[in-house]
file my_file_12.txt (compact mmCIF, C-alpha atoms)
# COMPACT_ATOMS: atom_id res chain seq x y z
CA MET U 1 0.00 0.00 0.00
CA ASN U 2 1.09 3.60 -0.62
CA ALA U 3 2.06 5.00 2.77
CA LYS U 4 2.11 8.58 1.42
CA LYS U 5 -1.66 8.63 0.86
CA LYS U 6 -3.52 10.11 3.80
CA LEU U 7 -6.82 8.27 3.33
CA ASP U 8 -7.37 4.52 3.52
CA LEU U 9 -10.65 4.54 1.62
CA VAL U 10 -12.98 6.75 -0.42
CA ILE U 11 -16.57 5.75 -1.24
CA TRP U 12 -17.33 7.08 -4.74
CA GLY U 13 -21.02 7.70 -5.43
CA ALA U 14 -21.74 7.83 -1.71
CA THR U 15 -25.14 9.52 -1.95
CA GLY U 16 -26.68 6.95 -4.29
CA PHE U 17 -28.92 4.19 -2.96
CA THR U 18 -26.20 1.54 -2.60
CA GLY U 19 -23.55 4.13 -1.76
CA GLN U 20 -25.46 5.27 1.30
CA LEU U 21 -25.87 1.68 2.50
CA VAL U 22 -22.13 1.10 2.15
CA CYS U 23 -21.36 4.30 4.07
CA GLU U 24 -23.84 3.50 6.83
CA TYR U 25 -22.31 0.06 7.24
CA ILE U 26 -18.75 1.39 7.44
CA ALA U 27 -19.75 4.19 9.84
CA ARG U 28 -21.29 1.75 12.32
CA SER U 29 -18.71 -1.03 11.84
CA TYR U 30 -15.34 0.76 11.86
CA ASP U 31 -13.89 3.35 14.20
CA SER U 32 -12.32 6.34 12.47
CA LYS U 33 -9.11 5.60 14.39
CA ASP U 34 -8.86 2.25 12.58
CA LEU U 35 -10.13 3.29 9.15
CA ASN U 36 -9.41 6.75 7.76
CA TRP U 37 -12.14 7.25 5.16
CA THR U 38 -14.42 9.76 3.48
CA ILE U 39 -17.05 10.12 0.78
CA ALA U 40 -16.95 11.50 -2.75
CA GLY U 41 -19.30 12.36 -5.58
CA ARG U 42 -20.54 15.25 -7.69
CA ASN U 43 -23.30 16.75 -5.50
CA GLU U 44 -21.75 18.81 -2.71
CA GLU U 45 -25.04 19.47 -0.92
CA LYS U 46 -26.01 15.79 -0.72
CA LEU U 47 -22.50 14.79 0.32
CA LEU U 48 -22.46 17.32 3.17
CA LYS U 49 -25.83 16.05 4.43
CA LEU U 50 -24.52 12.48 4.43
CA LYS U 51 -21.24 13.52 6.07
CA ASN U 52 -23.12 15.26 8.88
CA ARG U 53 -25.62 12.43 9.32
CA LEU U 54 -22.86 9.83 9.69
CA ASN U 55 -20.40 12.09 11.55
CA ILE U 56 -17.61 11.49 9.04
CA ASN U 57 -14.44 13.25 10.21
CA ASN U 58 -12.70 13.95 6.90
CA PRO U 59 -13.72 16.57 4.31
CA ILE U 60 -15.87 15.44 1.40
CA LEU U 61 -14.32 15.15 -2.07
CA ILE U 62 -15.99 16.53 -5.20
CA GLY U 63 -15.56 15.03 -8.66
CA ASN U 64 -17.33 14.02 -11.84
CA SER U 65 -17.16 10.66 -13.59
CA ASN U 66 -16.13 12.33 -16.87
CA ASP U 67 -13.65 14.81 -15.38
CA LYS U 68 -10.18 13.26 -15.38
CA PRO U 69 -8.42 15.90 -13.25
CA SER U 70 -11.00 15.67 -10.45
CA LEU U 71 -10.84 11.86 -10.44
CA GLU U 72 -7.05 11.84 -10.40
CA LYS U 73 -7.05 14.32 -7.52
CA ILE U 74 -9.38 12.07 -5.51
CA CYS U 75 -7.41 8.91 -6.32
CA GLY U 76 -4.20 10.66 -5.35
CA LYS U 77 -5.48 11.08 -1.79
CA THR U 78 -6.47 7.47 -1.02
CA LYS U 79 -5.23 3.89 -1.04
CA VAL U 80 -8.59 2.50 -2.17
CA ILE U 81 -11.59 3.70 -4.19
CA CYS U 82 -14.88 1.85 -3.72
CA SER U 83 -17.31 2.71 -6.52
CA THR U 84 -21.09 2.33 -6.47
CA VAL U 85 -21.75 4.49 -9.55
CA GLY U 86 -23.41 2.61 -12.38
CA PRO U 87 -24.04 1.81 -15.10
CA TYR U 88 -20.29 1.33 -15.03
CA ALA U 89 -20.07 1.18 -18.81
CA ILE U 90 -21.25 4.80 -18.82
CA HIS U 91 -19.74 6.18 -15.61
CA GLY U 92 -16.87 3.89 -14.66
CA THR U 93 -14.04 3.85 -17.18
CA GLU U 94 -12.38 7.18 -16.39
CA LEU U 95 -12.26 6.30 -12.70
CA ILE U 96 -10.38 3.08 -13.48
CA HIS U 97 -7.98 5.10 -15.63
CA ALA U 98 -7.37 7.48 -12.72
CA CYS U 99 -6.85 4.60 -10.29
CA VAL U 100 -4.24 3.01 -12.53
CA LYS U 101 -2.44 6.32 -13.06
CA MET U 102 -2.40 7.18 -9.34
CA LYS U 103 -1.66 3.62 -8.10
CA THR U 104 -4.97 3.31 -6.25
CA ASN U 105 -6.67 -0.01 -5.53
CA TYR U 106 -10.30 -0.28 -6.63
CA CYS U 107 -13.44 -2.35 -6.12
CA ASP U 108 -17.02 -2.17 -7.40
CA ILE U 109 -20.24 -4.14 -7.82
CA SER U 110 -20.35 -4.21 -11.60
CA GLY U 111 -22.13 -7.13 -13.21
CA GLU U 112 -21.73 -5.62 -16.69
CA THR U 113 -19.85 -8.33 -18.57
CA GLN U 114 -19.13 -6.23 -21.65
CA TRP U 115 -17.61 -3.40 -19.60
CA ILE U 116 -15.48 -5.73 -17.49
CA ARG U 117 -14.12 -7.21 -20.74
CA LYS U 118 -13.21 -3.68 -21.87
CA ILE U 119 -11.52 -2.92 -18.55
CA ILE U 120 -9.54 -6.16 -18.72
CA ASP U 121 -8.33 -5.43 -22.24
CA THR U 122 -7.46 -1.81 -21.47
CA PHE U 123 -6.06 -1.89 -17.96
CA HIS U 124 -5.07 -5.41 -16.82
CA GLU U 125 -1.40 -5.22 -17.79
CA LYS U 126 -1.11 -1.58 -16.71
CA ALA U 127 -2.58 -2.38 -13.29
CA LYS U 128 -0.20 -5.32 -12.92
CA ASN U 129 2.74 -3.06 -13.68
CA GLN U 130 1.49 -0.53 -11.11
CA LYS U 131 1.00 -3.35 -8.58
CA ILE U 132 -2.61 -2.49 -7.84
CA LYS U 133 -5.79 -4.55 -7.62
CA ILE U 134 -8.80 -3.63 -9.78
CA VAL U 135 -11.57 -5.88 -8.46
CA ASN U 136 -14.99 -5.94 -10.15
CA SER U 137 -18.13 -7.80 -9.11
CA CYS U 138 -17.83 -7.51 -5.32
CA GLY U 139 -21.58 -7.76 -4.61
CA PHE U 140 -24.14 -10.55 -4.91
CA ASP U 141 -22.70 -10.86 -8.37
CA SER U 142 -20.24 -12.41 -7.93
CA ILE U 143 -18.90 -12.78 -4.36
CA PRO U 144 -21.09 -15.74 -3.26
CA SER U 145 -20.40 -17.63 -6.51
CA ASP U 146 -16.69 -16.87 -6.83
CA MET U 147 -15.84 -17.16 -3.15
CA GLY U 148 -18.19 -20.14 -2.86
CA VAL U 149 -16.23 -22.05 -5.50
CA TYR U 150 -12.95 -20.97 -3.88
CA PHE U 151 -14.24 -22.23 -0.52
CA CYS U 152 -15.38 -25.55 -2.02
CA GLN U 153 -12.11 -26.13 -3.85
CA SER U 154 -9.91 -25.15 -0.90
CA ASN U 155 -11.68 -27.53 1.46
CA TYR U 156 -11.95 -30.29 -1.13
CA TYR U 157 -8.20 -30.05 -1.72
CA LYS U 158 -7.44 -30.25 2.00
CA GLU U 159 -9.46 -33.45 2.24
CA ASN U 160 -8.60 -35.14 -1.06
CA GLY U 161 -5.29 -33.69 -2.23
CA GLU U 162 -6.85 -32.62 -5.53
CA TYR U 163 -9.44 -30.18 -6.85
CA ALA U 164 -13.01 -31.02 -7.87
CA ASN U 165 -13.40 -31.23 -11.63
CA ALA U 166 -17.00 -29.97 -11.59
CA ILE U 167 -19.15 -27.80 -9.31
CA ASN U 168 -22.82 -26.98 -9.84
CA MET U 169 -24.27 -24.01 -7.94
CA ARG U 170 -27.99 -24.02 -7.34
CA VAL U 171 -29.95 -21.09 -5.92
CA ALA U 172 -32.09 -22.63 -3.19
CA GLY U 173 -33.77 -19.38 -2.19
CA THR U 174 -33.61 -15.59 -2.30
CA LYS U 175 -35.80 -12.81 -0.98
CA GLY U 176 -35.35 -9.13 -1.71
CA GLY U 177 -36.40 -6.12 -3.74
CA PHE U 178 -35.28 -4.76 -7.10
CA SER U 179 -33.59 -1.40 -7.70
CA GLY U 180 -33.59 1.17 -10.45
CA GLY U 181 -29.79 1.15 -10.65
CA THR U 182 -29.64 -2.58 -11.35
CA TYR U 183 -32.36 -2.27 -13.96
CA ASN U 184 -30.57 0.62 -15.70
CA SER U 185 -27.32 -1.35 -15.82
CA LEU U 186 -29.07 -4.39 -17.27
CA THR U 187 -30.87 -2.22 -19.81
CA ASN U 188 -27.56 -0.73 -20.94
CA VAL U 189 -25.97 -4.18 -21.35
CA ILE U 190 -28.88 -5.30 -23.52
CA HIS U 191 -28.70 -2.12 -25.61
CA GLU U 192 -24.95 -2.48 -26.19
CA ALA U 193 -25.42 -6.12 -27.18
CA SER U 194 -28.11 -5.17 -29.70
CA VAL U 195 -25.81 -2.77 -31.57
CA ASN U 196 -22.34 -4.25 -31.03
CA LYS U 197 -21.34 -7.65 -32.39
CA SER U 198 -18.24 -7.94 -30.18
CA VAL U 199 -20.39 -7.37 -27.07
CA ARG U 200 -22.75 -10.14 -28.16
CA LYS U 201 -19.76 -12.41 -28.71
CA THR U 202 -18.46 -11.74 -25.19
CA LEU U 203 -21.87 -12.29 -23.60
CA ASN U 204 -22.49 -15.52 -25.51
CA ASN U 205 -19.07 -17.05 -24.81
CA PRO U 206 -18.93 -18.97 -21.48
CA TYR U 207 -15.24 -17.99 -21.32
CA GLY U 208 -15.83 -14.39 -22.42
CA LEU U 209 -13.84 -12.89 -19.51
CA ASN U 210 -10.89 -15.25 -19.76
CA PRO U 211 -7.52 -13.98 -20.97
CA ILE U 212 -7.23 -13.54 -24.74
CA ASN U 213 -6.35 -16.82 -26.49
CA GLU U 214 -7.79 -18.73 -23.51
CA GLN U 215 -11.47 -18.19 -24.29
CA SER U 216 -12.55 -21.75 -24.93
CA GLY U 217 -13.19 -24.82 -22.82
CA PRO U 218 -15.60 -27.64 -22.03
CA ASP U 219 -18.39 -25.55 -20.46
CA LYS U 220 -21.42 -24.80 -22.62
CA LYS U 221 -23.73 -21.79 -22.55
CA ASP U 222 -25.68 -21.10 -19.36
CA LEU U 223 -28.99 -22.92 -18.90
CA ARG U 224 -31.79 -21.43 -21.02
CA SER U 225 -34.63 -23.86 -20.35
CA VAL U 226 -36.20 -25.87 -17.52
CA ILE U 227 -34.70 -29.32 -16.90
CA TYR U 228 -34.57 -31.91 -14.13
CA ASP U 229 -31.33 -32.02 -12.12
CA LYS U 230 -30.72 -35.53 -10.79
CA GLU U 231 -27.90 -34.36 -8.52
CA ALA U 232 -30.08 -31.79 -6.74
CA LYS U 233 -33.23 -33.91 -7.16
CA SER U 234 -35.16 -30.90 -8.41
CA TRP U 235 -36.30 -29.10 -11.52
CA ILE U 236 -33.99 -26.20 -12.31
CA ALA U 237 -34.53 -22.97 -14.24
CA PRO U 238 -32.17 -20.29 -15.57
CA PHE U 239 -30.65 -18.00 -12.93
CA VAL U 240 -30.59 -14.38 -14.07
CA MET U 241 -27.09 -13.68 -12.67
CA ALA U 242 -25.46 -16.82 -14.09
CA GLY U 243 -24.24 -14.93 -17.15
CA ILE U 244 -21.77 -12.86 -15.14
CA ASN U 245 -21.13 -15.23 -12.22
CA THR U 246 -20.02 -18.20 -14.31
CA LYS U 247 -17.64 -16.05 -16.35
CA ILE U 248 -16.09 -14.60 -13.18
CA VAL U 249 -15.54 -18.11 -11.79
CA ARG U 250 -13.90 -19.26 -15.03
CA ARG U 251 -11.68 -16.17 -15.11
CA SER U 252 -10.63 -16.95 -11.54
CA ASN U 253 -9.57 -20.43 -12.59
CA ALA U 254 -7.55 -18.99 -15.48
CA LEU U 255 -5.86 -16.37 -13.27
CA PHE U 256 -5.06 -19.09 -10.73
CA ASN U 257 -3.13 -20.73 -13.60
CA TYR U 258 -5.89 -23.32 -13.97
CA LYS U 259 -5.31 -24.93 -10.59
CA TYR U 260 -8.88 -26.31 -10.80
CA GLY U 261 -7.89 -27.84 -14.14
CA LYS U 262 -8.51 -26.78 -17.74
CA SER U 263 -11.37 -29.29 -17.87
CA PHE U 264 -13.09 -27.77 -14.80
CA LEU U 265 -16.87 -27.47 -15.27
CA TYR U 266 -19.11 -24.93 -13.55
CA SER U 267 -22.81 -24.13 -13.86
CA GLU U 268 -25.51 -22.11 -12.12
CA ALA U 269 -29.29 -22.51 -12.03
CA GLU U 270 -32.26 -21.94 -9.76
CA LEU U 271 -34.02 -24.74 -7.86
CA VAL U 272 -37.78 -24.61 -8.46
CA GLY U 273 -39.06 -27.84 -6.88
CA ASP U 274 -39.09 -31.59 -7.43
CA SER U 275 -42.73 -32.01 -8.48
CA PHE U 276 -44.62 -31.26 -11.67
CA LEU U 277 -45.63 -27.98 -10.03
CA GLY U 278 -41.93 -27.15 -9.74
CA LYS U 279 -41.58 -27.61 -13.48
CA ILE U 280 -44.48 -25.21 -14.06
CA ILE U 281 -42.95 -22.68 -11.65
CA GLY U 282 -39.70 -22.99 -13.58
CA TYR U 283 -41.35 -22.04 -16.85
CA LEU U 284 -43.26 -19.19 -15.20
CA SER U 285 -39.97 -17.86 -13.81
CA LEU U 286 -38.79 -17.30 -17.38
CA ILE U 287 -41.47 -14.68 -18.03
CA PRO U 288 -39.98 -11.78 -16.01
CA ILE U 289 -36.51 -12.55 -17.40
CA LEU U 290 -37.84 -12.44 -20.96
CA MET U 291 -39.67 -9.18 -20.24
CA VAL U 292 -36.64 -7.44 -18.73
CA ILE U 293 -34.26 -8.38 -21.56
CA GLN U 294 -36.39 -6.86 -24.33
CA LYS U 295 -34.72 -4.31 -26.60
CA LYS U 296 -34.85 -0.64 -25.69
CA GLY U 297 -37.91 1.07 -27.17
CA SER U 298 -39.97 -2.10 -27.65
CA ILE U 299 -43.58 -2.09 -26.43
CA ILE U 300 -42.87 -4.69 -23.74
CA LYS U 301 -39.82 -2.74 -22.57
CA ARG U 302 -41.83 0.48 -22.29
CA ILE U 303 -44.44 -1.33 -20.19
CA VAL U 304 -41.79 -2.81 -17.89
CA ASP U 305 -40.22 0.65 -17.48
CA LEU U 306 -43.46 1.89 -15.92
CA PHE U 307 -43.27 -0.61 -13.05
CA VAL U 308 -39.60 -0.86 -12.10
CA PRO U 309 -38.03 1.54 -9.57
CA LYS U 310 -36.30 4.65 -10.87
CA ALA U 311 -32.54 5.18 -10.48
CA GLY U 312 -31.70 5.89 -6.85
CA GLN U 313 -34.66 3.87 -5.58
CA GLY U 314 -34.57 0.41 -4.02
CA PRO U 315 -36.09 -1.88 -1.40
CA SER U 316 -37.10 -0.49 1.99
CA LYS U 317 -35.12 -1.11 5.17
CA LYS U 318 -37.71 -3.69 6.23
CA GLN U 319 -37.46 -5.47 2.87
CA ARG U 320 -33.67 -5.52 3.12
CA GLU U 321 -33.66 -6.83 6.69
CA ASN U 322 -36.27 -9.51 5.92
CA GLY U 323 -34.37 -10.69 2.87
CA PHE U 324 -31.87 -13.53 2.53
CA PHE U 325 -30.10 -15.79 0.05
CA ASN U 326 -29.21 -19.46 0.13
CA LEU U 327 -26.87 -20.97 -2.46
CA LYS U 328 -25.99 -24.67 -2.69
CA PHE U 329 -22.87 -26.06 -4.35
CA TYR U 330 -22.88 -29.72 -5.44
CA PHE U 331 -19.65 -31.56 -6.25
CA ASN U 332 -18.16 -35.03 -5.87
CA ASN U 333 -15.47 -37.53 -6.73
CA ASN U 334 -15.84 -41.24 -7.38
CA ARG U 335 -16.05 -41.97 -3.65
CA LYS U 336 -17.79 -39.04 -1.96
CA LYS U 337 -20.48 -36.45 -2.61
CA TYR U 338 -20.35 -32.98 -1.09
CA LEU U 339 -22.78 -30.13 -0.51
CA ALA U 340 -21.54 -26.65 0.38
CA LYS U 341 -23.73 -23.68 1.24
CA VAL U 342 -23.25 -19.93 1.12
CA THR U 343 -25.98 -17.95 2.87
CA GLY U 344 -26.62 -14.28 3.57
CA ASP U 345 -28.79 -12.67 6.25
CA MET U 346 -30.22 -9.77 4.21
CA ASP U 347 -31.64 -9.23 0.74
CA PRO U 348 -28.98 -10.17 -1.81
CA GLY U 349 -29.08 -7.10 -4.05
CA TYR U 350 -28.70 -4.35 -1.47
CA GLY U 351 -28.53 -5.35 2.19
CA SER U 352 -25.97 -8.09 1.66
CA THR U 353 -24.32 -6.52 -1.39
CA SER U 354 -23.52 -3.29 0.48
CA LYS U 355 -21.88 -5.27 3.29
CA MET U 356 -19.91 -7.46 0.88
CA LEU U 357 -18.64 -4.47 -1.07
CA ALA U 358 -17.72 -2.58 2.10
CA GLU U 359 -15.73 -5.53 3.46
CA CYS U 360 -13.89 -5.92 0.14
CA ALA U 361 -12.97 -2.24 0.26
CA VAL U 362 -11.77 -2.45 3.87
CA CYS U 363 -9.86 -5.64 3.05
CA LEU U 364 -8.01 -3.79 0.27
CA ALA U 365 -7.31 -0.87 2.58
CA LEU U 366 -6.24 -2.59 5.80
CA ASP U 367 -5.24 -6.23 5.25
CA ASP U 368 -1.45 -6.33 5.09
CA THR U 369 -1.50 -10.11 4.54
CA LEU U 370 -3.20 -9.89 1.13
CA ASN U 371 -1.53 -11.77 -1.72
CA LYS U 372 0.47 -10.07 -4.47
CA ASN U 373 -2.00 -10.79 -7.27
CA TYR U 374 -2.43 -7.59 -9.29
CA GLY U 375 -4.30 -6.43 -12.37
CA VAL U 376 -7.99 -6.51 -13.28
CA ILE U 377 -8.81 -9.54 -11.18
CA THR U 378 -11.71 -11.38 -9.58
CA PRO U 379 -12.66 -11.37 -5.89
CA SER U 380 -11.23 -14.83 -5.14
CA VAL U 381 -7.95 -14.04 -6.91
CA ALA U 382 -7.69 -10.69 -5.10
CA PHE U 383 -8.69 -11.73 -1.59
CA GLU U 384 -8.60 -15.53 -1.20
CA GLU U 385 -9.24 -16.60 2.42
CA ASN U 386 -9.02 -13.04 3.81
CA ILE U 387 -12.43 -11.98 2.55
CA ILE U 388 -14.20 -15.17 3.64
CA GLN U 389 -13.14 -14.48 7.22
CA ARG U 390 -14.37 -10.89 6.99
CA LEU U 391 -17.68 -11.86 5.41
CA GLU U 392 -18.38 -14.47 8.08
CA ASN U 393 -17.24 -12.33 11.01
CA ASN U 394 -18.83 -9.06 9.95
CA ALA U 395 -21.20 -9.23 6.98
CA GLY U 396 -23.72 -11.95 7.86
CA LEU U 397 -22.50 -14.54 5.33
CA LYS U 398 -21.94 -18.17 6.25
CA PHE U 399 -19.86 -20.75 4.36
CA SER U 400 -20.31 -24.45 5.16
CA MET U 401 -19.49 -27.80 3.55
CA ASN U 402 -20.58 -31.35 4.36
CA GLU U 403 -20.31 -34.80 2.88
CA ILE U 404 -23.69 -36.14 1.74

call {"tool": "encode", "arguments": {"input": "my_file_12.txt", "output": "structure tokens"}}
result
Amino acid sequence: MNAKKKLDLVIWGATGFTGQLVCEYIARSYDSKDLNWTIAGRNEEKLLKLKNRLNINNPILIGNSNDKPSLEKICGKTKVICSTVGPYAIHGTELIHACVKMKTNYCDISGETQWIRKIIDTFHEKAKNQKIKIVNSCGFDSIPSDMGVYFCQSNYYKENGEYANAINMRVAGTKGGFSGGTYNSLTNVIHEASVNKSVRKTLNNPYGLNPINEQSGPDKKDLRSVIYDKEAKSWIAPFVMAGINTKIVRRSNALFNYKYGKSFLYSEAELVGDSFLGKIIGYLSLIPILMVIQKKGSIIKRIVDLFVPKAGQGPSKKQRENGFFNLKFYFNNNRKKYLAKVTGDMDPGYGSTSKMLAECAVCLALDDTLNKNYGVITPSVAFEENIIQRLENNAGLKFSMNEI
């Protein structure tokens, strides 16, 4: 870490819906003596209100996502930038550029596959040379998936002296609201895919986030129908976040020099029940997905736009606190079968995501035992065991594994 920088951490986009949740979590979880942090954004009035409400000691920082000098000035003051400003494809690139130039570590909650591909191609080698970590997808997409696989493989290796050659993640349950920011990001991904062939190619390739010349392997496209899963003894349906999560997991394997093996298989889907009713529920679950992914300007899209939250809106405190997620990971060898679980105690998209992102940011800022993996990297490659301990101790996540 750069000892000359006065601040440990800056939350960029602090007054947005997710940004405020991150700030509230940090303010109640970390003493200012242990973590020297502040908030940044473009609206001085809103930032001052938040600063006063949370009793933040340091001055606020003002910048704009398209103003290079202001971003470089902010990055020059801190060891870590934590960004909640999306869609990242629109608002995020210049901040990454500033982080690389000023040798500032970075984390976000982007699930925008096409933008992450762009950031990898543009900044991975530069970030490696600067010895900084640029870590995308530090929320529900894709911490539980990426760290879940890392947890499974680490424990499997301890017990068997080898890594599992296949892991299947199944969403056993989630409860939580939907936000305008997430919807806007998804809408932008769909729009870019509709007008850009290279974006479509990245989205359709299971290995679309792997290093160049390593973008092929045994995994097929993510599930697009309803089928019966004998391993889980349930009907399964497509999981809306599988598109980004599975690519992050495969990139992790590549960046770990394929320690899980080049033939490693990974899939994600949603459990919908073992009866005929479960099959029906599975097909019904496709309807909202199909409605959301319609092209911009279509009649269906315009109708959906009327009912989703606007940017800056999200689930209520009660909805967040009453939410949860429960993910199951199935894997085996010829002798034993295993089931691992990753659970969260709040709604996945906001309550849990804000805590996961905050802990990743603090981990980057304070953990002196972090590995020396640099570049545009995934959560498991950046943090390994360090973040699992933080998530379990502080953020309401639980990781468990049993033989079945």

call {"tool": "atom_distance", "arguments": {"input": "my_file_12.txt", "atom1": "CA of Ala89 (chain U)", "atom2": "CA of Thr113 (chain U)"}}
result
9.5 Å

call {"tool": "axis_aligned_box", "arguments": {"input": "my_file_12.txt", "around": "region 153-162 of chain U", "padding_each_side": "4 Å", "output": "lines of an AutoDock Vina configuration file"}}
result
center_x = -8.7
center_y = -30.1
center_z = -1.6
size_x = 14.8
size_y = 18.0
size_z = 15.8

call {"tool": "residues_around", "arguments": {"input": "my_file_12.txt", "residues": "region 363-367 of chain U", "least_positions_apart": "4", "cutoff": "10 Å", "atoms": "only C-alpha atoms", "output": "ChimeraX atom specification"}}
result
/U:1,7-10,34-37,78-82,105-107,132-133,135,357-359,371,382-383,386-387,390

call {"tool": "closest_residue", "arguments": {"input": "my_file_12.txt", "among": "U:Ala166, U:Ile143, U:Gly323, U:Tyr374", "to": "Phe399 (chain U)", "atoms": "only C-alpha atoms"}}
result
U:Ile143

call {"tool": "closest_residue", "arguments": {"input": "my_file_12.txt", "among": "U:Gly16, U:Ser198, U:Glu384, U:Met346", "to": "Gly314 (chain U)", "atoms": "only C-alpha atoms"}}
result
U:Gly16

call {"tool": "residues_around", "arguments": {"input": "my_file_12.txt", "residues": "Lys73 (chain U)", "least_positions_apart": "6", "cutoff": "10 Å", "atoms": "all atoms listed in the file", "output": "list in words"}}
result
Leu61, Ile62, Gly63, Ala98 and Met102 of chain U

call {"tool": "write_last_selection", "arguments": {"input": "my_file_12.txt", "atoms": "C-alpha atoms", "output": "PDB file, in the coordinates of the input"}}
result
ATOM      1  CA  LEU U  61     -14.320  15.150  -2.070  1.00  0.00           C
ATOM      2  CA  ILE U  62     -15.990  16.530  -5.200  1.00  0.00           C
ATOM      3  CA  GLY U  63     -15.560  15.030  -8.660  1.00  0.00           C
ATOM      4  CA  ALA U  98      -7.370   7.480 -12.720  1.00  0.00           C
ATOM      5  CA  MET U 102      -2.400   7.180  -9.340  1.00  0.00           C
TER       6      MET U 102
END

call {"tool": "atom_distance", "arguments": {"input": "my_file_12.txt", "atom1": "CA of Ile116 (chain U)", "atom2": "CA of Ala40 (chain U)"}}
result
22.7 Å

call {"tool": "closest_residue", "arguments": {"input": "my_file_12.txt", "among": "U:Glu45, U:Ile39, U:Gly396, U:Leu71", "to": "Pro59 (chain U)", "atoms": "all atoms listed in the file"}}
result
U:Ile39

call {"tool": "closest_residue", "arguments": {"input": "my_file_12.txt", "among": "U:Gly351, U:Gly208, U:Gly217, U:Gly297", "to": "Gly261 (chain U)", "atoms": "only C-alpha atoms"}}
result
U:Gly217

call {"tool": "closest_residue", "arguments": {"input": "my_file_12.txt", "among": "U:Asn213, U:Asn184, U:Ser354, U:Thr246", "to": "Ile293 (chain U)", "atoms": "only C-alpha atoms"}}
result
U:Asn184
